[in-house]
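Shown below: query_11.pdb, with PDB, C-alpha atoms.
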ATOM      1  CA  MET A   1       4.029   0.097  46.539
ATOM      2  CA  PRO A   2       7.295  -0.975  44.790
ATOM      3  CA  LEU A   3       7.169  -3.680  42.131
ATOM      4  CA  THR A   4       8.491  -7.013  43.289
ATOM      5  CA  ARG A   5       9.613 -10.071  41.369
ATOM      6  CA  ARG A   6       6.322 -11.703  42.365
ATOM      7  CA  HIS A   7       4.350  -8.879  40.760
ATOM      8  CA  LEU A   8       6.371  -9.122  37.551
ATOM      9  CA  LEU A   9       5.910 -12.890  37.321
ATOM     10  CA  ALA A  10       2.170 -12.500  37.891
ATOM     11  CA  ALA A  11       1.972  -9.995  35.038
ATOM     12  CA  LEU A  12       3.788 -12.176  32.477
ATOM     13  CA  PRO A  13       0.707 -14.212  31.383
ATOM     14  CA  SER A  14      -1.262 -11.011  30.754
ATOM     15  CA  LEU A  15       1.572  -9.465  28.764
ATOM     16  CA  GLY A  16       1.958 -12.628  26.722
ATOM     17  CA  ALA A  17      -1.760 -12.778  25.954
ATOM     18  CA  ALA A  18      -1.720  -9.138  24.911
ATOM     19  CA  GLY A  19       1.190  -9.784  22.561
ATOM     20  CA  LEU A  20      -0.549 -12.766  20.973
ATOM     21  CA  GLY A  21      -3.734 -10.760  20.605
ATOM     22  CA  LEU A  22      -1.889  -7.942  18.844
ATOM     23  CA  GLY A  23      -0.211 -10.421  16.521
ATOM     24  CA  PHE A  24      -3.565 -12.017  15.682
ATOM     25  CA  ILE A  25      -5.105  -8.628  14.943
ATOM     26  CA  ARG A  26      -2.206  -7.795  12.615
ATOM     27  CA  MET A  27      -2.597 -11.151  10.870
ATOM     28  CA  LEU A  28      -6.335 -10.528  10.322
ATOM     29  CA  HIS A  29      -5.557  -7.053   9.010
ATOM     30  CA  GLY A  30      -3.083  -8.555   6.574
ATOM     31  CA  LEU A  31      -5.609 -11.149   5.427
ATOM     32  CA  ASP A  32      -8.201  -8.435   4.886
ATOM     33  CA  ARG A  33      -5.749  -6.486   2.732
ATOM     34  CA  GLY A  34      -4.543  -9.625   0.945
ATOM     35  CA  GLN A  35      -0.989  -9.172   2.268
ATOM     36  CA  PHE A  36      -0.677 -12.079   4.702
ATOM     37  CA  ASP A  37       1.168 -15.129   3.424
ATOM     38  CA  PRO A  38       1.027 -18.020   5.929
ATOM     39  CA  ARG A  39       3.818 -19.759   4.011
ATOM     40  CA  ALA A  40       6.218 -16.825   4.226
ATOM     41  CA  ILE A  41       8.437 -16.743   7.303
ATOM     42  CA  ASN A  42       9.695 -13.395   8.541
ATOM     43  CA  THR A  43      13.033 -14.619   9.870
ATOM     44  CA  PRO A  44      16.120 -12.535  10.624
ATOM     45  CA  LEU A  45      17.811 -14.194   7.625
ATOM     46  CA  THR A  46      15.380 -12.834   5.031
ATOM     47  CA  GLY A  47      17.219 -10.054   3.241
ATOM     48  CA  GLN A  48      20.495 -11.164   4.794
ATOM     49  CA  PRO A  49      23.533 -12.961   3.346
ATOM     50  CA  VAL A  50      23.552 -16.750   3.226
ATOM     51  CA  PRO A  51      24.707 -17.935   6.668
ATOM     52  CA  GLU A  52      27.914 -19.780   7.333
ATOM     53  CA  PHE A  53      27.230 -23.503   7.631
ATOM     54  CA  PRO A  54      29.273 -26.709   7.685
ATOM     55  CA  ALA A  55      30.194 -28.213   4.317
ATOM     56  CA  LEU A  56      27.751 -30.988   3.416
ATOM     57  CA  SER A  57      28.639 -34.137   1.516
ATOM     58  CA  SER A  58      26.209 -35.685  -0.944
ATOM     59  CA  LEU A  59      25.270 -39.040  -2.370
ATOM     60  CA  PRO A  60      27.671 -40.805  -4.745
ATOM     61  CA  GLY A  61      27.801 -39.107  -8.114
ATOM     62  CA  GLN A  62      26.231 -35.857  -6.908
ATOM     63  CA  ALA A  63      27.736 -32.502  -5.981
ATOM     64  CA  GLY A  64      27.601 -31.549  -2.304
ATOM     65  CA  LEU A  65      26.719 -28.189  -0.797
ATOM     66  CA  THR A  66      29.067 -25.643   0.785
ATOM     67  CA  ARG A  67      29.018 -21.981   1.696
ATOM     68  CA  GLU A  68      31.502 -21.377  -1.122
ATOM     69  CA  ASP A  69      28.931 -22.583  -3.660
ATOM     70  CA  PHE A  70      26.787 -19.567  -2.803
ATOM     71  CA  ARG A  71      29.744 -17.207  -3.063
ATOM     72  CA  THR A  72      30.394 -18.345  -6.625
ATOM     73  CA  MET A  73      26.771 -18.678  -7.763
ATOM     74  CA  THR A  74      25.912 -16.824 -10.969
ATOM     75  CA  GLN A  75      22.151 -17.381 -11.042
ATOM     76  CA  PRO A  76      19.284 -17.435  -8.520
ATOM     77  CA  VAL A  77      19.062 -20.590  -6.426
ATOM     78  CA  LEU A  78      15.926 -22.160  -5.007
ATOM     79  CA  LEU A  79      17.047 -24.254  -2.043
ATOM     80  CA  SER A  80      14.590 -26.972  -1.020
ATOM     81  CA  VAL A  81      14.908 -28.348   2.527
ATOM     82  CA  TRP A  82      13.316 -31.792   2.707
ATOM     83  CA  ALA A  83      13.433 -35.317   4.125
ATOM     84  CA  SER A  84      12.165 -38.647   2.853
ATOM     85  CA  TRP A  85      10.325 -39.285   6.164
ATOM     86  CA  CYS A  86       8.361 -36.034   5.795
ATOM     87  CA  LEU A  87       4.887 -36.609   4.301
ATOM     88  CA  PRO A  88       4.493 -33.059   2.881
ATOM     89  CA  CYS A  89       7.917 -33.548   1.246
ATOM     90  CA  VAL A  90       6.622 -36.672  -0.474
ATOM     91  CA  GLU A  91       3.505 -34.787  -1.550
ATOM     92  CA  GLU A  92       5.589 -32.040  -3.190
ATOM     93  CA  ILE A  93       7.493 -34.513  -5.400
ATOM     94  CA  PRO A  94       5.257 -33.954  -8.467
ATOM     95  CA  PHE A  95       5.897 -30.203  -8.495
ATOM     96  CA  ILE A  96       9.610 -30.551  -7.690
ATOM     97  CA  SER A  97       9.931 -32.984 -10.589
ATOM     98  CA  GLN A  98       7.973 -30.711 -12.911
ATOM     99  CA  LEU A  99      10.058 -27.680 -11.945
ATOM    100  CA  ALA A 100      13.340 -29.532 -12.434
ATOM    101  CA  ALA A 101      12.231 -30.729 -15.869
ATOM    102  CA  SER A 102      11.192 -27.224 -16.925
ATOM    103  CA  LEU A 103      14.529 -25.789 -15.770
ATOM    104  CA  ALA A 104      16.429 -28.437 -17.722
ATOM    105  CA  ALA A 105      14.436 -27.776 -20.902
ATOM    106  CA  PRO A 106      15.332 -24.952 -23.323
ATOM    107  CA  ARG A 107      14.073 -21.705 -21.827
ATOM    108  CA  LYS A 108      12.331 -18.792 -23.427
ATOM    109  CA  LYS A 109      14.427 -15.655 -23.508
ATOM    110  CA  ARG A 110      12.182 -13.888 -21.022
ATOM    111  CA  ASP A 111      12.438 -16.625 -18.404
ATOM    112  CA  ALA A 112      14.893 -15.992 -15.572
ATOM    113  CA  PRO A 113      17.478 -18.745 -15.046
ATOM    114  CA  LEU A 114      17.164 -20.663 -11.796
ATOM    115  CA  ALA A 115      19.120 -23.461 -10.144
ATOM    116  CA  LEU A 116      17.343 -26.011  -7.944
ATOM    117  CA  TRP A 117      19.462 -27.202  -5.000
ATOM    118  CA  GLY A 118      18.505 -29.479  -2.130
ATOM    119  CA  LEU A 119      19.304 -29.783   1.565
ATOM    120  CA  CYS A 120      18.296 -33.174   2.965
ATOM    121  CA  TYR A 121      17.489 -32.842   6.666
ATOM    122  CA  LYS A 122      18.289 -35.576   9.222
ATOM    123  CA  ASP A 123      17.794 -38.444   6.793
ATOM    124  CA  GLN A 124      19.492 -41.721   5.967
ATOM    125  CA  PRO A 125      21.370 -41.770   2.634
ATOM    126  CA  ALA A 126      19.519 -44.883   1.403
ATOM    127  CA  SER A 127      16.117 -43.330   2.156
ATOM    128  CA  ALA A 128      17.149 -40.027   0.599
ATOM    129  CA  SER A 129      18.328 -41.852  -2.506
ATOM    130  CA  ARG A 130      14.929 -43.518  -2.945
ATOM    131  CA  TRP A 131      13.153 -40.145  -2.603
ATOM    132  CA  LEU A 132      15.457 -38.629  -5.209
ATOM    133  CA  GLU A 133      14.875 -41.495  -7.628
ATOM    134  CA  ARG A 134      11.146 -41.069  -7.245
ATOM    135  CA  ALA A 135      11.488 -37.324  -7.872
ATOM    136  CA  GLY A 136      13.690 -37.876 -10.928
ATOM    137  CA  GLN A 137      16.954 -36.568  -9.408
ATOM    138  CA  PRO A 138      15.778 -32.944  -9.436
ATOM    139  CA  PHE A 139      18.707 -31.174  -7.719
ATOM    140  CA  THR A 140      21.935 -30.042  -9.333
ATOM    141  CA  ARG A 141      23.472 -29.791  -5.858
ATOM    142  CA  LEU A 142      22.491 -31.751  -2.759
ATOM    143  CA  GLY A 143      23.730 -31.531   0.825
ATOM    144  CA  LEU A 144      23.093 -34.283   3.381
ATOM    145  CA  ASP A 145      22.538 -32.572   6.720
ATOM    146  CA  GLN A 146      22.414 -35.710   8.857
ATOM    147  CA  ASP A 147      23.012 -34.011  12.207
ATOM    148  CA  GLY A 148      20.786 -31.001  11.425
ATOM    149  CA  GLN A 149      23.529 -28.449  12.161
ATOM    150  CA  ALA A 150      23.327 -26.735   8.760
ATOM    151  CA  ALA A 151      19.548 -26.413   9.084
ATOM    152  CA  ILE A 152      20.016 -24.668  12.430
ATOM    153  CA  GLU A 153      22.312 -22.116  10.798
ATOM    154  CA  TRP A 154      19.704 -21.533   8.089
ATOM    155  CA  GLY A 155      16.968 -20.983  10.682
ATOM    156  CA  VAL A 156      14.942 -24.003   9.564
ATOM    157  CA  THR A 157      12.048 -24.810  11.903
ATOM    158  CA  GLY A 158      10.698 -27.874  10.088
ATOM    159  CA  VAL A 159      10.443 -29.545   6.718
ATOM    160  CA  PRO A 160       9.664 -28.829   3.991
ATOM    161  CA  GLU A 161      10.969 -25.291   3.719
ATOM    162  CA  ALA A 162      12.442 -23.360   0.825
ATOM    163  CA  PHE A 163      14.771 -20.405   0.332
ATOM    164  CA  LEU A 164      15.300 -18.215  -2.700
ATOM    165  CA  ILE A 165      18.838 -16.870  -2.873
ATOM    166  CA  MET A 166      19.978 -14.186  -5.299
ATOM    167  CA  PRO A 167      23.586 -13.701  -6.422
ATOM    168  CA  ASP A 168      25.293 -10.884  -4.549
ATOM    169  CA  PRO A 169      29.071 -10.642  -5.064
ATOM    170  CA  GLN A 170      29.474  -8.339  -2.079
ATOM    171  CA  VAL A 171      28.130 -10.843   0.458
ATOM    172  CA  GLY A 172      28.212 -14.128  -1.448
ATOM    173  CA  GLY A 173      24.489 -14.721  -1.973
ATOM    174  CA  ARG A 174      21.483 -13.030  -0.357
ATOM    175  CA  ILE A 175      18.252 -14.663   0.873
ATOM    176  CA  VAL A 176      15.224 -12.855  -0.559
ATOM    177  CA  TRP A 177      12.453 -15.312   0.342
ATOM    178  CA  HIS A 178      11.936 -18.054   2.929
ATOM    179  CA  GLY A 179       8.787 -20.136   2.867
ATOM    180  CA  THR A 180       7.403 -23.080   4.788
ATOM    181  CA  GLY A 181       5.259 -25.933   3.528
ATOM    182  CA  GLY A 182       5.464 -27.924   0.326
ATOM    183  CA  LEU A 183       6.295 -26.122  -2.895
ATOM    184  CA  THR A 184       3.369 -25.890  -5.290
ATOM    185  CA  GLU A 185       2.759 -24.202  -8.619
ATOM    186  CA  ALA A 186       0.760 -21.473  -6.855
ATOM    187  CA  VAL A 187       3.501 -20.761  -4.304
ATOM    188  CA  TYR A 188       6.153 -20.750  -7.005
ATOM    189  CA  GLN A 189       4.227 -18.375  -9.257
ATOM    190  CA  THR A 190       3.160 -15.935  -6.524
ATOM    191  CA  ARG A 191       6.206 -15.964  -4.231
ATOM    192  CA  VAL A 192       9.236 -16.999  -6.280
ATOM    193  CA  VAL A 193       8.625 -15.805  -9.830
ATOM    194  CA  PRO A 194       8.138 -12.108  -8.877
ATOM    195  CA  HIS A 195      11.660 -12.082  -7.399
ATOM    196  CA  LEU A 196      13.051 -13.731 -10.516
ATOM    197  CA  GLU A 197      11.312 -11.229 -12.791
ATOM    198  CA  ALA A 198      12.645  -8.327 -10.729
ATOM    199  CA  ALA A 199      16.213  -9.633 -10.900
ATOM    200  CA  PRO A 200      18.577  -7.511 -13.048
TER     201      PRO A 200
END
In structure tokens, what does this structure look like?
Amino acid sequence: MPLTRRHLLAALPSLGAAGLGLGFIRMLHGLDRGQFDPRAINTPLTGQPVPEFPALSSLPGQAGLTREDFRTMTQPVLLSVWASWCLPCVEEIPFISQLAASLAAPRKKRDAPLALWGLCYKDQPASASRWLERAGQPFTRLGLDQDGQAAIEWGVTGVPEAFLIMPDPQVGGRIVWHGTGGLTEAVYQTRVVPHLEAAP
């Protein structure tokens, strides 16, 4: 009997369940081998050049964020995507502040240089300013993405998220890591630092 559209539609739930089951089995296998990172997002952008996105203005007295900034970058950049209305973003303030202070302090020779940039997602400037004051003005560049268009280009699914971008003159910056959830010392040491140590 030939397959009809009705047969195909009836089979979709079973195919979907099978796909989810396979994904769950792979996740459990990764956990068992210690290779599954629930904070790491396997997006099409990981390993790819920084996407084109609209130029973002900033708050008074701070540098904004443009695609050209990544083309001219000379050191790794950790891009934090956040919003003042996001509770996990508020909870990550202590580590963001600590990281910014450590980057501003004199570094040991073996430490890889790193710039901390921010992308503020769908927030009001006054609210963002208060968050930044509380965090000690941690970013050397900050883009206000009030309509969320830049975040769409970056593949952001929620806040907070973070991207680690390495200099690459051929493509103007390459994304090597994309994580979700608040930044912590553990995430930084296990997911970000290995990339920095492997950098030439």
Checklist entry - So what does the PyMOL selection byres ((chain A and resi 191-194) around 9) actually pick up in this one, as a VMD selection string? => result chain A and resid 40 78 112 164 177 179 186 to 190 195 to 199
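Closest approach to Tyr121 of chain A among A:Ile152, A:Ala105, A:Ile96, A:Leu183 is made by A:Ile152 (distances from only C-alpha atoms).
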Checklist entry - On this structure, which residues satisfy the PyMOL selection byres ((chain A and resi 176) around 7), written as a PyMOL selection string? => result chain A and resi 46-47+164-166+174-175+177
Go through segment 100-170 of chain A and flag each residue having an atom no more than 7 Å from segment 80-92 of chain A; for those, report the closest pair of atoms plus their distance in Å to one decimal, using all atoms listed in the file, ordered by chain and rising number, as a Markdown table.
| residue | atom | partner | partner_atom | distance |
| --- | --- | --- | --- | --- |
| A:Trp117 | CA | A:Ser80 | CA | 6.3 |
| A:Gly118 | CA | A:Ser80 | CA | 4.8 |
| A:Leu119 | CA | A:Val81 | CA | 4.7 |
| A:Cys120 | CA | A:Trp82 | CA | 5.2 |
| A:Tyr121 | CA | A:Ala83 | CA | 5.4 |
| A:Asp123 | CA | A:Ala83 | CA | 6.0 |
| A:Ser127 | CA | A:Ser84 | CA | 6.2 |
| A:Ala128 | CA | A:Ser84 | CA | 5.6 |
| A:Trp131 | CA | A:Ser84 | CA | 5.7 |
| A:Val159 | CA | A:Trp82 | CA | 5.4 |
| A:Pro160 | CA | A:Trp82 | CA | 4.9 |
| A:Glu161 | CA | A:Val81 | CA | 5.1 |
| A:Ala162 | CA | A:Ser80 | CA | 4.6 |
| A:Phe163 | CA | A:Ser80 | CA | 6.7 |
Next on the checklist: For this structure, which residues satisfy the selection - the PyMOL selection byres ((chain A and resi 135) around 8) - when it is evaluated on the file as given? I want them as a PyMOL selection string.
Outcome noted: chain A and resi 93-94+96-97+131-134+136-138
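As for atom CA of Gln149 of chain A and atom CA of Gln75 of chain A, they are spaced 25.7 Å apart.
Atom CA of Leu79 of chain A is found 16.3 Å from atom CA of Ser102 of chain A.
Among the candidates A:Leu56, A:Val77, A:Leu45, A:Val50, the one nearest to Leu144 of chain A when counting only C-alpha atoms is A:Leu56.
Ranking A:Gly158, A:Ala126, A:Asp69, A:Gly61 by their shortest atom-to-atom distance to Gly182 of chain A, with all atoms listed in the file included, puts A:Gly158 first.
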Item to check | A:Thr184, A:Ala101, A:Gln124, A:Thr157 ranked by distance to Asp145 of chain A, top pick (using all atoms listed in the file) | outcome: A:Gln124
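Remark: for Gly148 of chain A, the closest of the candidate residues A:Pro54, A:Phe95, A:Pro49, A:Pro60 is A:Pro54 (distances computed over only C-alpha atoms).
We find atom CA of Gly181 of chain A and atom CA of Glu153 of chain A to be spaced 18.9 Å apart.
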